[in-house]
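Asker: Okay, here's the structure, questions in a sec.
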Amino acid sequence: MKKHTIGIVMNGVTGRMGKNQHYIRSILAIREQGGVKINEGEVIWPEPVLVGRNAAKLQELAALGKDIKWTTDVDAALADPANIIYFDAQTTGRRADAVKKAIALRKHVYCEKPTAVSTEGALDLYKIATQAGVKNGVVQDKLWLPGMLKIKRLKEQGFFGDILSVRGEFGYWVFEGHNIPAQRPSWNYRKEDDGGIIVDMLCHWRYVLDNLFGEVKALTCLGATHIPERVDEQGKPYKCTADDSAYATFELEGGVVAHFNSSWNVRVRRDDLLTLQIDGTKGSAVAGLRECWIQHYGNTPKPVWNPDIAQPIDFYNGWSKVPEQETYDNAFKVQWELFLRHIVLDEPFPWTLLQGAKGVQLAELGLESWAKRQWLEVPKLEA
């Protein structure tokens, strides 16, 4: 068996996303399955080095796997020639400088989003990586969620006809912490710590819209800080200085209109924490993280407005559940495997730092639209 061993410096794995999605459910899961299979006699084997500032937490995480290395010295990890990939899941403000340092040492880079705190900074990362000749990528996990893949297949099959609109509902109630502990970190609600749901979620909506429905051409966005005070991890009240809700409308290439409500202050009465409704001339779909329901033109009821009687139509009855036609793996793990294949086999990987810069651009324009209370064009980014 030929084994391509790839050393990966994983910085920021003590955080929620770095630990659960990238380390445990991706890298450890890949190792547990025997690596990324290329063929019957060849695999790619990830060899992570866990990096962070808390030695006790790193040691605890390393114990979850077999022979996992860890260190609090990122420079030493980067200096090791066996480590050819640098992965960053730190808070946004720390990311750009760390990625630049890795690029300067000719490491391939893969990182979470937002990739920087400004469009200029994010685009600069892509340019530096390109000039250095290192392979690069940004996490765009939602593209591999089962619900999104089912939408993609329906579109490929021509189910929708001409797509008219996309409606997204995302979020849930995040407890303030006064009596029920919060289920998200406090920095999310402080602007000075790069928090805010516009910065967080519009990066996601950019790649979802661009890849599934059409390139974003213009937007208008209204943000809000609905909850003015929350309680942090130490039990201390703090002032919320970042937006916790966003209401954004996007004009897409081809005339499709998309609207997303994103909120940490909403109680869920829908199929999932994220749902998308796509309406087309021939059919509609409603997808969550995993499931997808469809209604064809021939199954569409013909309601008549009459508020004086009970609604005679059970609107749910006209929808059919899309069957499981494929095998679905963890979305983060799927993209990790694609990136590792890109490194070893030079297979295409279009989700580069340029795509990450587009996400930052949309978030930045969302904040500007809110401040100016107006529609804004989304200019093409020049690489």
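Naming scheme: A, B, ... for chains in displayed order of the structure tokens; residues 1 onward per chain; ligands 1 onward as shown.
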Where does region 157-233 of chain A meet region 247-270 of chain A within 8 Å, residue by residue, with the nearest atom pair and distance in Å to one decimal for each, counting only C-alpha atoms, listed by chain and rising number, as a tab-separated table?

Answerer:
residue	atom	partner	partner_atom	distance
A:Ile163	CA	A:Val256	CA	6.5
A:Leu164	CA	A:Val256	CA	5.1
A:Ser165	CA	A:Val257	CA	4.8
A:Val166	CA	A:Ala258	CA	4.4
A:Arg167	CA	A:His259	CA	5.0
A:Gly168	CA	A:Phe260	CA	4.4
A:Glu169	CA	A:Asn261	CA	5.1
A:Phe170	CA	A:Ser262	CA	4.8
A:Gly171	CA	A:Ser263	CA	4.9
A:Tyr172	CA	A:Val266	CA	4.9
A:Trp173	CA	A:Asn265	CA	4.6
A:Val174	CA	A:Trp264	CA	5.4
A:Ile197	CA	A:Ser262	CA	7.3
A:Met201	CA	A:Ser262	CA	7.4
A:Leu209	CA	A:Leu252	CA	8.0
A:Phe213	CA	A:Leu252	CA	7.6
A:Gly214	CA	A:Glu253	CA	5.1
A:Glu215	CA	A:Glu253	CA	5.2
A:Val216	CA	A:Leu252	CA	4.5
A:Lys217	CA	A:Leu252	CA	5.3
A:Ala218	CA	A:Glu251	CA	5.1
A:Leu219	CA	A:Phe250	CA	4.4
A:Thr220	CA	A:Thr249	CA	5.4
A:Cys221	CA	A:Ala248	CA	4.2
A:Leu222	CA	A:Tyr247	CA	5.2
A:Gly223	CA	A:Tyr247	CA	6.3
A:His226	CA	A:Asn265	CA	7.5
A:Ile227	CA	A:Asn265	CA	7.9

Asker: Would you mind exporting N, CA and C atoms of the selected residues as an mmCIF file, in the first residue's frame?

Answerer:
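Okay, part.cif is ready:
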data_model
loop_
_atom_site.group_PDB
_atom_site.id
_atom_site.type_symbol
_atom_site.label_atom_id
_atom_site.label_comp_id
_atom_site.auth_asym_id
_atom_site.auth_seq_id
_atom_site.Cartn_x
_atom_site.Cartn_y
_atom_site.Cartn_z
ATOM 1 N N ILE A 163 -35.781 29.359 -12.639
ATOM 2 C CA ILE A 163 -35.850 29.717 -11.219
ATOM 3 C C ILE A 163 -36.208 31.190 -11.085
ATOM 4 N N LEU A 164 -37.193 31.462 -10.251
ATOM 5 C CA LEU A 164 -37.683 32.826 -10.060
ATOM 6 C C LEU A 164 -37.131 33.458 -8.790
ATOM 7 N N SER A 165 -37.166 32.693 -7.675
ATOM 8 C CA SER A 165 -36.771 33.274 -6.399
ATOM 9 C C SER A 165 -36.247 32.211 -5.443
ATOM 10 N N VAL A 166 -35.466 32.686 -4.481
ATOM 11 C CA VAL A 166 -34.924 31.841 -3.412
ATOM 12 C C VAL A 166 -35.201 32.537 -2.086
ATOM 13 N N ARG A 167 -35.785 31.800 -1.133
ATOM 14 C CA ARG A 167 -36.061 32.352 0.190
ATOM 15 C C ARG A 167 -35.332 31.520 1.238
ATOM 16 N N GLY A 168 -34.475 32.171 1.994
ATOM 17 C CA GLY A 168 -33.710 31.471 3.019
ATOM 18 C C GLY A 168 -34.096 31.922 4.413
ATOM 19 N N GLU A 169 -34.284 30.962 5.310
ATOM 20 C CA GLU A 169 -34.519 31.250 6.723
ATOM 21 C C GLU A 169 -33.449 30.522 7.524
ATOM 22 N N PHE A 170 -32.678 31.282 8.282
ATOM 23 C CA PHE A 170 -31.592 30.677 9.046
ATOM 24 C C PHE A 170 -31.562 31.232 10.467
ATOM 25 N N GLY A 171 -31.277 30.354 11.430
ATOM 26 C CA GLY A 171 -31.032 30.800 12.794
ATOM 27 C C GLY A 171 -31.895 30.095 13.813
ATOM 28 N N TYR A 172 -31.758 30.530 15.047
ATOM 29 C CA TYR A 172 -32.473 29.948 16.179
ATOM 30 C C TYR A 172 -32.307 30.896 17.357
ATOM 31 N N TRP A 173 -32.919 30.547 18.474
ATOM 32 C CA TRP A 173 -32.797 31.414 19.649
ATOM 33 C C TRP A 173 -31.517 31.079 20.400
ATOM 34 N N VAL A 174 -30.622 32.057 20.512
ATOM 35 C CA VAL A 174 -29.419 31.904 21.326
ATOM 36 C C VAL A 174 -29.697 32.551 22.681
ATOM 37 N N ILE A 197 -23.547 38.835 12.846
ATOM 38 C CA ILE A 197 -24.126 37.807 11.983
ATOM 39 C C ILE A 197 -23.994 38.156 10.495
ATOM 40 N N MET A 201 -22.612 35.243 8.343
ATOM 41 C CA MET A 201 -23.487 34.466 7.461
ATOM 42 C C MET A 201 -23.498 34.911 6.007
ATOM 43 N N LEU A 209 -25.335 31.027 -3.018
ATOM 44 C CA LEU A 209 -26.025 31.655 -4.148
ATOM 45 C C LEU A 209 -25.207 31.558 -5.434
ATOM 46 N N PHE A 213 -27.370 29.136 -7.699
ATOM 47 C CA PHE A 213 -28.466 29.880 -8.315
ATOM 48 C C PHE A 213 -28.046 31.006 -9.252
ATOM 49 N N GLY A 214 -26.845 31.521 -9.106
ATOM 50 C CA GLY A 214 -26.410 32.618 -9.965
ATOM 51 C C GLY A 214 -25.577 33.609 -9.189
ATOM 52 N N GLU A 215 -24.643 34.221 -9.872
ATOM 53 C CA GLU A 215 -23.730 35.162 -9.226
ATOM 54 C C GLU A 215 -24.494 36.373 -8.682
ATOM 55 N N VAL A 216 -24.113 36.794 -7.464
ATOM 56 C CA VAL A 216 -24.767 37.935 -6.831
ATOM 57 C C VAL A 216 -24.345 39.228 -7.523
ATOM 58 N N LYS A 217 -25.335 40.022 -7.957
ATOM 59 C CA LYS A 217 -25.062 41.264 -8.674
ATOM 60 C C LYS A 217 -25.283 42.516 -7.817
ATOM 61 N N ALA A 218 -26.239 42.439 -6.880
ATOM 62 C CA ALA A 218 -26.550 43.601 -6.044
ATOM 63 C C ALA A 218 -27.230 43.113 -4.773
ATOM 64 N N LEU A 219 -27.230 43.978 -3.755
ATOM 65 C CA LEU A 219 -27.882 43.598 -2.505
ATOM 66 C C LEU A 219 -28.353 44.815 -1.733
ATOM 67 N N THR A 220 -29.305 44.552 -0.835
ATOM 68 C CA THR A 220 -29.660 45.504 0.204
ATOM 69 C C THR A 220 -29.750 44.712 1.494
ATOM 70 N N CYS A 221 -29.277 45.290 2.592
ATOM 71 C CA CYS A 221 -29.210 44.554 3.852
ATOM 72 C C CYS A 221 -29.552 45.474 5.017
ATOM 73 N N LEU A 222 -30.383 44.977 5.908
ATOM 74 C CA LEU A 222 -30.708 45.681 7.148
ATOM 75 C C LEU A 222 -30.267 44.804 8.309
ATOM 76 N N GLY A 223 -29.410 45.318 9.143
ATOM 77 C CA GLY A 223 -28.977 44.596 10.326
ATOM 78 C C GLY A 223 -29.682 45.110 11.561
ATOM 79 N N HIS A 226 -30.819 43.157 18.261
ATOM 80 C CA HIS A 226 -32.087 43.057 18.984
ATOM 81 C C HIS A 226 -31.895 42.854 20.486
ATOM 82 N N ILE A 227 -30.848 42.127 20.865
ATOM 83 C CA ILE A 227 -30.572 41.867 22.282
ATOM 84 C C ILE A 227 -29.386 42.728 22.699
#

Asker: Could you pull the residues within 12 Å of Lys57 (chain A), counting only C-alpha atoms, minus those fewer than 4 positions along the same chain, as a PyMOL selection string?

Answerer: chain A and resi 12-15+19+50-53+61-64+70-72

Asker: Name the residues of region 112-306 of chain A that come out as alpha helix (DSSP H) in a backbone DSSP run; write them as a PyMOL selection string.

Answerer: chain A and resi 119-132+146-156+197-212

Asker: Pick the closest to Lys155 (chain A) from A:Asn20, A:Gly133, A:Ile294, A:Asp200: which is it, counting only C-alpha atoms?

Answerer: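 Counting only C-alpha atoms, the residue closest to Lys155 (chain A) is A:Ile294.
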
Asker: Pick out the closest residue to Glu176 (chain A) from this set: A:Gly359, A:Pro228, A:Pro46, A:Gly121. Count only C-alpha atoms.

Answerer: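 Of A:Gly359, A:Pro228, A:Pro46, A:Gly121, the one nearest Glu176 (chain A), counting only C-alpha atoms, is A:Pro228.
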
Asker: Please measure the separation of CA of Gly177 (chain A) and CA of Gly235 (chain A), giving the value in Å to one decimal.

Answerer: 7.7 Å

Asker: What's the separation between CA of Leu276 (chain A) and CA of Gly318 (chain A), in Å to one decimal place?

Answerer: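 So the two atoms, CA of Leu276 (chain A) and CA of Gly318 (chain A), lie 17.6 Å apart.
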
Asker: Which neighbours of Tyr316 (chain A) fall inside 12 Å, counting only C-alpha atoms, when residues of the same chain fewer than 3 positions from it are skipped, and could you give them as a ChimeraX atom specification?

Answerer: /A:271,286,293-295,299-301,313,319-321

Asker: Compare A:Ile151, A:Val334, A:Val304, A:Lys372 by their minimum atom-to-atom distance to Glu291 (chain A), counting only C-alpha atoms, and give me the closest one.

Answerer: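 Checking each candidate against Glu291 (chain A), we get A:Ile151 as the closest.
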
Asker: Using only C-alpha atoms, find each residue of region 339-371 of chain A with at least one atom at most 12 Å away from an atom of region 21-40 of chain A; report its shortest atom-to-atom pair and that distance in Å (one decimal), sort the rows by chain and rising residue number, and return the result as CSV.

Answerer:
residue,atom,partner,partner_atom,distance
A:Phe339,CA,A:Val36,CA,10.6
A:Leu340,CA,A:Val36,CA,8.0
A:Arg341,CA,A:Val36,CA,8.0
A:His342,CA,A:Val36,CA,11.7
A:Val344,CA,A:Ile38,CA,9.9
A:Leu345,CA,A:Ile38,CA,9.0
A:Glu347,CA,A:Ile38,CA,11.6

Asker: Rank A:Asp308, A:Glu192, A:Asp279, A:Glu112 by their smallest atom-to-atom distance to Arg95 (chain A), using only C-alpha atoms, and report the top residue only.

Answerer: A:Glu112

Asker: One decimal, Å: what's the distance from CA of Leu145 (chain A) over to CA of Val43 (chain A), could you say?

Answerer: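 So the answer is 24.7 Å.
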